[in-house]
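See below for the structure under consideration.
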Amino acid sequence: MVSMERVQSVLDRVRPFLQADGGDIELLAVHGNSADVRLTGMCAGCPSAHMTLHVGVEAALRDEIPGFETLRLA
């Protein structure tokens, strides 16, 4: 099972890339091997947010946390 601390640690490493574009990411919950997040700032309304979330952030989580499955946008 994935822990909030492990997910938060990975998000803290990718956060500067989001902040460089005026956005941020907030961890809301972890359910089993998946996590719920909220994009804020410029990322919240960005048309590329879905790609950033899944191609960038979710890929980083899968690389760092064995068994991580899905990142859901709340």
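Numbering starts fresh at 1 for the residues of each chain in the structure tokens, the chains themselves are lettered A, B, ... in the order given, and ligands are numbered from 1 as they appear.
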**OP:** Fewer than 6 positions away in the same chain doesn't count, so skip those; otherwise give me all residues within 10 Å of Glu58 of chain A, counting only C-alpha atoms, as a ChimeraX atom specification.
**Re:** /A:10-11,34-35,51-52,64,68-72
Let me see the file: selected residues, all heavy atoms, as a short mmCIF file (atom, residue, chain, number, x, y, z; two decimals), in the first residue's frame.
```
data_model
loop_
_atom_site.label_atom_id
_atom_site.label_comp_id
_atom_site.auth_asym_id
_atom_site.auth_seq_id
_atom_site.Cartn_x
_atom_site.Cartn_y
_atom_site.Cartn_z
N VAL A 10 7.41 12.60 -3.34
CA VAL A 10 7.56 12.69 -4.80
C VAL A 10 6.96 13.99 -5.30
O VAL A 10 7.56 14.68 -6.13
CB VAL A 10 6.93 11.47 -5.50
CG1 VAL A 10 6.98 11.64 -7.01
CG2 VAL A 10 7.63 10.19 -5.07
N LEU A 11 5.80 14.36 -4.80
CA LEU A 11 5.18 15.62 -5.22
C LEU A 11 6.07 16.82 -4.89
O LEU A 11 6.16 17.76 -5.67
CB LEU A 11 3.80 15.79 -4.58
CG LEU A 11 2.74 14.80 -5.01
CD1 LEU A 11 1.41 15.10 -4.31
CD2 LEU A 11 2.56 14.76 -6.51
N SER A 34 -3.48 4.40 -5.05
CA SER A 34 -3.83 5.55 -5.87
C SER A 34 -3.88 6.80 -4.99
O SER A 34 -3.99 6.71 -3.78
CB SER A 34 -5.18 5.35 -6.55
OG SER A 34 -5.14 4.23 -7.39
N ALA A 35 -3.81 7.96 -5.63
CA ALA A 35 -3.85 9.22 -4.89
C ALA A 35 -4.76 10.21 -5.58
O ALA A 35 -4.89 10.21 -6.81
CB ALA A 35 -2.45 9.80 -4.75
N MET A 51 -2.33 16.30 -19.33
CA MET A 51 -1.07 15.70 -19.80
C MET A 51 0.02 15.86 -18.74
O MET A 51 0.76 14.93 -18.47
CB MET A 51 -0.63 16.35 -21.11
CG MET A 51 -1.49 15.96 -22.28
SD MET A 51 -1.50 14.19 -22.61
CE MET A 51 0.17 13.94 -23.14
N THR A 52 0.11 17.04 -18.15
CA THR A 52 1.10 17.28 -17.09
C THR A 52 0.89 16.30 -15.95
O THR A 52 1.83 15.70 -15.45
CB THR A 52 0.98 18.72 -16.56
OG1 THR A 52 1.27 19.62 -17.62
CG2 THR A 52 1.93 18.96 -15.39
N GLU A 64 9.05 6.15 -8.71
CA GLU A 64 9.58 6.21 -7.34
C GLU A 64 8.89 5.26 -6.36
O GLU A 64 9.49 4.89 -5.35
CB GLU A 64 9.45 7.65 -6.80
CG GLU A 64 10.27 8.65 -7.55
CD GLU A 64 11.76 8.51 -7.26
OE1 GLU A 64 12.13 8.17 -6.12
OE2 GLU A 64 12.54 8.73 -8.20
N PHE A 68 2.52 1.86 -7.35
CA PHE A 68 1.62 3.00 -7.51
C PHE A 68 0.80 2.80 -8.79
O PHE A 68 1.34 2.41 -9.82
CB PHE A 68 2.38 4.33 -7.58
CG PHE A 68 1.44 5.51 -7.59
CD1 PHE A 68 0.94 6.01 -6.42
CD2 PHE A 68 1.04 6.07 -8.80
CE1 PHE A 68 0.05 7.08 -6.43
CE2 PHE A 68 0.14 7.11 -8.83
CZ PHE A 68 -0.35 7.63 -7.64
N GLU A 69 -0.49 3.07 -8.72
CA GLU A 69 -1.38 2.81 -9.85
C GLU A 69 -1.88 4.06 -10.56
O GLU A 69 -1.59 4.27 -11.72
CB GLU A 69 -2.56 1.95 -9.41
CG GLU A 69 -2.14 0.56 -8.99
CD GLU A 69 -3.29 -0.27 -8.44
OE1 GLU A 69 -4.44 0.24 -8.40
OE2 GLU A 69 -3.03 -1.41 -8.05
N THR A 70 -2.66 4.87 -9.86
CA THR A 70 -3.37 5.95 -10.53
C THR A 70 -3.35 7.25 -9.74
O THR A 70 -3.49 7.25 -8.52
CB THR A 70 -4.86 5.56 -10.74
OG1 THR A 70 -4.91 4.31 -11.40
CG2 THR A 70 -5.60 6.58 -11.56
N LEU A 71 -3.24 8.33 -10.46
CA LEU A 71 -3.34 9.68 -9.89
C LEU A 71 -4.65 10.24 -10.40
O LEU A 71 -4.89 10.31 -11.60
CB LEU A 71 -2.16 10.52 -10.36
CG LEU A 71 -1.96 11.85 -9.69
CD1 LEU A 71 -1.71 11.66 -8.18
CD2 LEU A 71 -0.79 12.58 -10.30
N ARG A 72 -5.51 10.64 -9.47
CA ARG A 72 -6.84 11.16 -9.85
C ARG A 72 -6.91 12.64 -9.52
O ARG A 72 -6.48 13.07 -8.45
CB ARG A 72 -7.94 10.41 -9.11
CG ARG A 72 -7.99 8.94 -9.49
CD ARG A 72 -9.11 8.25 -8.77
NE ARG A 72 -8.89 8.25 -7.32
CZ ARG A 72 -8.86 7.15 -6.58
NH1 ARG A 72 -9.06 5.97 -7.13
NH2 ARG A 72 -8.67 7.24 -5.30
#
```
Subject >> Per-residue DSSP, segment 4-47 of chain A, filtered to alpha helix (DSSP H), as a PyMOL selection string >> reply: chain A and resi 4-19
With segment 13-20 of chain A as the partner and 12 Å as the cut-off, tabulate the residues of segment 47-66 of chain A that qualify, each row holding the nearest pair of atoms and their distance in Å to one decimal, using only C-alpha atoms, sorted by chain and rising number, as JSON lines.
```
{"residue": "A:Ser48", "atom": "CA", "partner": "A:Leu18", "partner_atom": "CA", "distance": 11.8}
{"residue": "A:Ala49", "atom": "CA", "partner": "A:Leu18", "partner_atom": "CA", "distance": 10.1}
{"residue": "A:Thr52", "atom": "CA", "partner": "A:Leu18", "partner_atom": "CA", "distance": 8.8}
{"residue": "A:Leu53", "atom": "CA", "partner": "A:Leu18", "partner_atom": "CA", "distance": 10.0}
{"residue": "A:Gly56", "atom": "CA", "partner": "A:Val14", "partner_atom": "CA", "distance": 8.4}
{"residue": "A:Val57", "atom": "CA", "partner": "A:Val14", "partner_atom": "CA", "distance": 6.9}
{"residue": "A:Glu58", "atom": "CA", "partner": "A:Val14", "partner_atom": "CA", "distance": 10.3}
{"residue": "A:Ala59", "atom": "CA", "partner": "A:Val14", "partner_atom": "CA", "distance": 10.7}
{"residue": "A:Ala60", "atom": "CA", "partner": "A:Val14", "partner_atom": "CA", "distance": 7.9}
{"residue": "A:Leu61", "atom": "CA", "partner": "A:Val14", "partner_atom": "CA", "distance": 9.7}
{"residue": "A:Glu64", "atom": "CA", "partner": "A:Arg13", "partner_atom": "CA", "distance": 10.8}
```
Subject >> Counting only C-alpha atoms, the option among A:His54, A:Leu28, A:Arg38, A:Cys46 closest to Leu73 of chain A >> reply: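 With only C-alpha atoms as the atom set, the closest residue is A:Arg38.
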**OP:** Excluding Gly45 of chain A and residues on its chain fewer than 4 positions from it, collect all residues at most 12 Å away from it, counting only C-alpha atoms, and give them as JSON, numbers by chain.
**Re:** {"A": [22, 23, 24, 38, 39, 40, 41, 49, 50]}
**OP:** Give me, please, the distance in Å between atom CA of Ile25 of chain A and atom CA of Val37 of chain A, quoted to one decimal.
**Re:**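 According to the coordinates, atom CA of Ile25 of chain A and atom CA of Val37 of chain A are separated by 6.7 Å.
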**OP:** Would you mind writing down, as an MDAnalysis selection string, each residue of chain A that DSSP on the backbone assigns to strand (DSSP E or B)?
**Re:** chainID A and resid 23:31 34:41 70:73
The selected residues should be written to file as a PDB file, in the first residue's frame (atoms: N, CA and C atoms).
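Saved as again37.pdb:
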```
ATOM      1  N   GLY A  23       1.878  27.325 -11.231  1.00  0.00           N
ATOM      2  CA  GLY A  23       0.907  26.393 -10.657  1.00  0.00           C
ATOM      3  C   GLY A  23       1.452  25.668  -9.448  1.00  0.00           C
ATOM      4  N   ASP A  24       0.680  24.729  -8.968  1.00  0.00           N
ATOM      5  CA  ASP A  24       1.104  23.899  -7.837  1.00  0.00           C
ATOM      6  C   ASP A  24       0.204  22.671  -7.797  1.00  0.00           C
ATOM      7  N   ILE A  25       0.532  21.764  -6.892  1.00  0.00           N
ATOM      8  CA  ILE A  25      -0.249  20.534  -6.736  1.00  0.00           C
ATOM      9  C   ILE A  25      -0.429  20.264  -5.250  1.00  0.00           C
ATOM     10  N   GLU A  26      -1.611  19.804  -4.892  1.00  0.00           N
ATOM     11  CA  GLU A  26      -1.945  19.534  -3.495  1.00  0.00           C
ATOM     12  C   GLU A  26      -2.416  18.084  -3.375  1.00  0.00           C
ATOM     13  N   LEU A  27      -1.826  17.348  -2.461  1.00  0.00           N
ATOM     14  CA  LEU A  27      -2.237  15.975  -2.194  1.00  0.00           C
ATOM     15  C   LEU A  27      -3.454  16.004  -1.280  1.00  0.00           C
ATOM     16  N   LEU A  28      -4.532  15.366  -1.724  1.00  0.00           N
ATOM     17  CA  LEU A  28      -5.764  15.350  -0.942  1.00  0.00           C
ATOM     18  C   LEU A  28      -5.940  14.059  -0.159  1.00  0.00           C
ATOM     19  N   ALA A  29      -5.670  12.922  -0.804  1.00  0.00           N
ATOM     20  CA  ALA A  29      -5.899  11.635  -0.150  1.00  0.00           C
ATOM     21  C   ALA A  29      -5.155  10.538  -0.889  1.00  0.00           C
ATOM     22  N   VAL A  30      -4.907   9.457  -0.167  1.00  0.00           N
ATOM     23  CA  VAL A  30      -4.341   8.244  -0.753  1.00  0.00           C
ATOM     24  C   VAL A  30      -5.310   7.117  -0.449  1.00  0.00           C
ATOM     25  N   HIS A  31      -5.685   6.381  -1.491  1.00  0.00           N
ATOM     26  CA  HIS A  31      -6.607   5.243  -1.357  1.00  0.00           C
ATOM     27  C   HIS A  31      -5.919   4.028  -1.948  1.00  0.00           C
ATOM     28  N   SER A  34      -3.481   4.399  -5.049  1.00  0.00           N
ATOM     29  CA  SER A  34      -3.829   5.554  -5.872  1.00  0.00           C
ATOM     30  C   SER A  34      -3.881   6.801  -4.990  1.00  0.00           C
ATOM     31  N   ALA A  35      -3.810   7.965  -5.628  1.00  0.00           N
ATOM     32  CA  ALA A  35      -3.850   9.220  -4.886  1.00  0.00           C
ATOM     33  C   ALA A  35      -4.759  10.215  -5.582  1.00  0.00           C
ATOM     34  N   ASP A  36      -5.380  11.081  -4.782  1.00  0.00           N
ATOM     35  CA  ASP A  36      -6.202  12.176  -5.281  1.00  0.00           C
ATOM     36  C   ASP A  36      -5.430  13.472  -5.067  1.00  0.00           C
ATOM     37  N   VAL A  37      -5.377  14.296  -6.102  1.00  0.00           N
ATOM     38  CA  VAL A  37      -4.681  15.572  -6.014  1.00  0.00           C
ATOM     39  C   VAL A  37      -5.547  16.686  -6.587  1.00  0.00           C
ATOM     40  N   ARG A  38      -5.150  17.909  -6.276  1.00  0.00           N
ATOM     41  CA  ARG A  38      -5.793  19.083  -6.844  1.00  0.00           C
ATOM     42  C   ARG A  38      -4.698  19.957  -7.430  1.00  0.00           C
ATOM     43  N   LEU A  39      -4.909  20.418  -8.643  1.00  0.00           N
ATOM     44  CA  LEU A  39      -3.996  21.372  -9.256  1.00  0.00           C
ATOM     45  C   LEU A  39      -4.486  22.769  -8.907  1.00  0.00           C
ATOM     46  N   THR A  40      -3.551  23.663  -8.592  1.00  0.00           N
ATOM     47  CA  THR A  40      -3.913  25.024  -8.208  1.00  0.00           C
ATOM     48  C   THR A  40      -3.125  26.018  -9.054  1.00  0.00           C
ATOM     49  N   GLY A  41      -3.470  27.286  -8.892  1.00  0.00           N
ATOM     50  CA  GLY A  41      -2.792  28.328  -9.641  1.00  0.00           C
ATOM     51  C   GLY A  41      -3.060  28.198 -11.130  1.00  0.00           C
ATOM     52  N   THR A  70      -2.661   4.874  -9.864  1.00  0.00           N
ATOM     53  CA  THR A  70      -3.373   5.948 -10.531  1.00  0.00           C
ATOM     54  C   THR A  70      -3.354   7.246  -9.738  1.00  0.00           C
ATOM     55  N   LEU A  71      -3.237   8.334 -10.459  1.00  0.00           N
ATOM     56  CA  LEU A  71      -3.335   9.678  -9.888  1.00  0.00           C
ATOM     57  C   LEU A  71      -4.652  10.243 -10.397  1.00  0.00           C
ATOM     58  N   ARG A  72      -5.515  10.636  -9.474  1.00  0.00           N
ATOM     59  CA  ARG A  72      -6.839  11.159  -9.847  1.00  0.00           C
ATOM     60  C   ARG A  72      -6.913  12.645  -9.522  1.00  0.00           C
ATOM     61  N   LEU A  73      -7.479  13.400 -10.441  1.00  0.00           N
ATOM     62  CA  LEU A  73      -7.654  14.827 -10.265  1.00  0.00           C
ATOM     63  C   LEU A  73      -9.003  15.082  -9.603  1.00  0.00           C
TER      64      LEU A  73
END
```
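In this model, the gap between atom CA of Glu5 of chain A and atom CA of Asp21 of chain A comes to 24.8 Å.
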